[in-house]
Amino acid sequence: MSEEQNKSEKNANEFADEANKTANEFAAGAKEAFSGAAAGDENKKVLAGLLAIFLGSFGVHKFILGYQKEGIIQLIVSVVTCGFGGIIGLIEGIIYLTKSDEEFYNTYQVGRKPWF
């Protein structure tokens, strides 16, 4: 191999190493940002949990989490059962508040699990 080819190969390896380093830094930053997002939704967890316990029959907690269809269903079930459908909200509120912040975020925000 000529000296120029060796130099070119060395430059390519240095470029690949630099790209790998940049990619790892980006991945670390993305992981940190995701962890921050999961921690930032603690207020939504607490709010949804308390609303589910106290106003669960109206489906307010579903609307807070972005589940409009399920919130309307919860409201209709409570009206049809004369309020006894509110037990679903009570159960969901307890479940919300007993989950860890990360588990709540992954289940209800990322995974979009609408019931229990």
# chains A, B, ... in the order shown; residues from 1 in each chain; ligands from 1
>>> residues_around(residues="stretch 60-75 of chain A", least_positions_apart="5", cutoff="12 Å", atoms="only C-alpha atoms", output="ChimeraX atom specification")
/A:41,43-55,80-93,96,104-105,107-116
>>> write_last_selection(atoms="C-alpha atoms", output="PDB file, in the first residue's frame")
ATOM      1  CA  ASP A  41     -45.024  13.394  34.456  1.00  0.00           C
ATOM      2  CA  ASN A  43     -47.640  15.640  38.577  1.00  0.00           C
ATOM      3  CA  LYS A  44     -49.861  14.130  35.885  1.00  0.00           C
ATOM      4  CA  LYS A  45     -49.753  10.799  37.728  1.00  0.00           C
ATOM      5  CA  VAL A  46     -50.753  12.355  41.031  1.00  0.00           C
ATOM      6  CA  LEU A  47     -53.393  14.565  39.418  1.00  0.00           C
ATOM      7  CA  ALA A  48     -54.891  11.660  37.452  1.00  0.00           C
ATOM      8  CA  GLY A  49     -54.805   9.415  40.526  1.00  0.00           C
ATOM      9  CA  LEU A  50     -56.539  11.898  42.803  1.00  0.00           C
ATOM     10  CA  LEU A  51     -59.133  12.823  40.194  1.00  0.00           C
ATOM     11  CA  ALA A  52     -59.809   9.133  39.598  1.00  0.00           C
ATOM     12  CA  ILE A  53     -60.410   8.576  43.305  1.00  0.00           C
ATOM     13  CA  PHE A  54     -62.585  11.641  43.890  1.00  0.00           C
ATOM     14  CA  LEU A  55     -64.239  12.208  40.493  1.00  0.00           C
ATOM     15  CA  VAL A  80     -76.400   4.050  33.487  1.00  0.00           C
ATOM     16  CA  THR A  81     -75.401   2.379  36.768  1.00  0.00           C
ATOM     17  CA  CYS A  82     -76.531   5.334  38.911  1.00  0.00           C
ATOM     18  CA  GLY A  83     -72.965   6.091  39.996  1.00  0.00           C
ATOM     19  CA  PHE A  84     -71.833   2.569  40.781  1.00  0.00           C
ATOM     20  CA  GLY A  85     -69.551   2.680  37.717  1.00  0.00           C
ATOM     21  CA  GLY A  86     -67.425   5.130  39.695  1.00  0.00           C
ATOM     22  CA  ILE A  87     -65.839   2.164  41.461  1.00  0.00           C
ATOM     23  CA  ILE A  88     -63.763   1.753  38.282  1.00  0.00           C
ATOM     24  CA  GLY A  89     -62.333   5.233  38.809  1.00  0.00           C
ATOM     25  CA  LEU A  90     -61.561   4.470  42.443  1.00  0.00           C
ATOM     26  CA  ILE A  91     -59.688   1.313  41.489  1.00  0.00           C
ATOM     27  CA  GLU A  92     -57.810   3.082  38.692  1.00  0.00           C
ATOM     28  CA  GLY A  93     -56.839   5.929  41.021  1.00  0.00           C
ATOM     29  CA  TYR A  96     -52.142   5.051  39.304  1.00  0.00           C
ATOM     30  CA  PHE A 104     -46.885   4.977  35.071  1.00  0.00           C
ATOM     31  CA  TYR A 105     -45.262   6.945  32.249  1.00  0.00           C
ATOM     32  CA  THR A 107     -47.874   2.261  30.745  1.00  0.00           C
ATOM     33  CA  TYR A 108     -50.262   5.186  30.322  1.00  0.00           C
ATOM     34  CA  GLN A 109     -48.302   7.815  28.381  1.00  0.00           C
ATOM     35  CA  VAL A 110     -46.080   5.773  26.065  1.00  0.00           C
ATOM     36  CA  GLY A 111     -48.004   2.495  25.951  1.00  0.00           C
ATOM     37  CA  ARG A 112     -51.401   4.267  25.865  1.00  0.00           C
ATOM     38  CA  LYS A 113     -53.124   1.612  28.009  1.00  0.00           C
ATOM     39  CA  PRO A 114     -56.607   3.093  28.571  1.00  0.00           C
ATOM     40  CA  TRP A 115     -58.079   0.726  31.195  1.00  0.00           C
ATOM     41  CA  PHE A 116     -56.616  -0.602  34.448  1.00  0.00           C
TER      42      PHE A 116
END
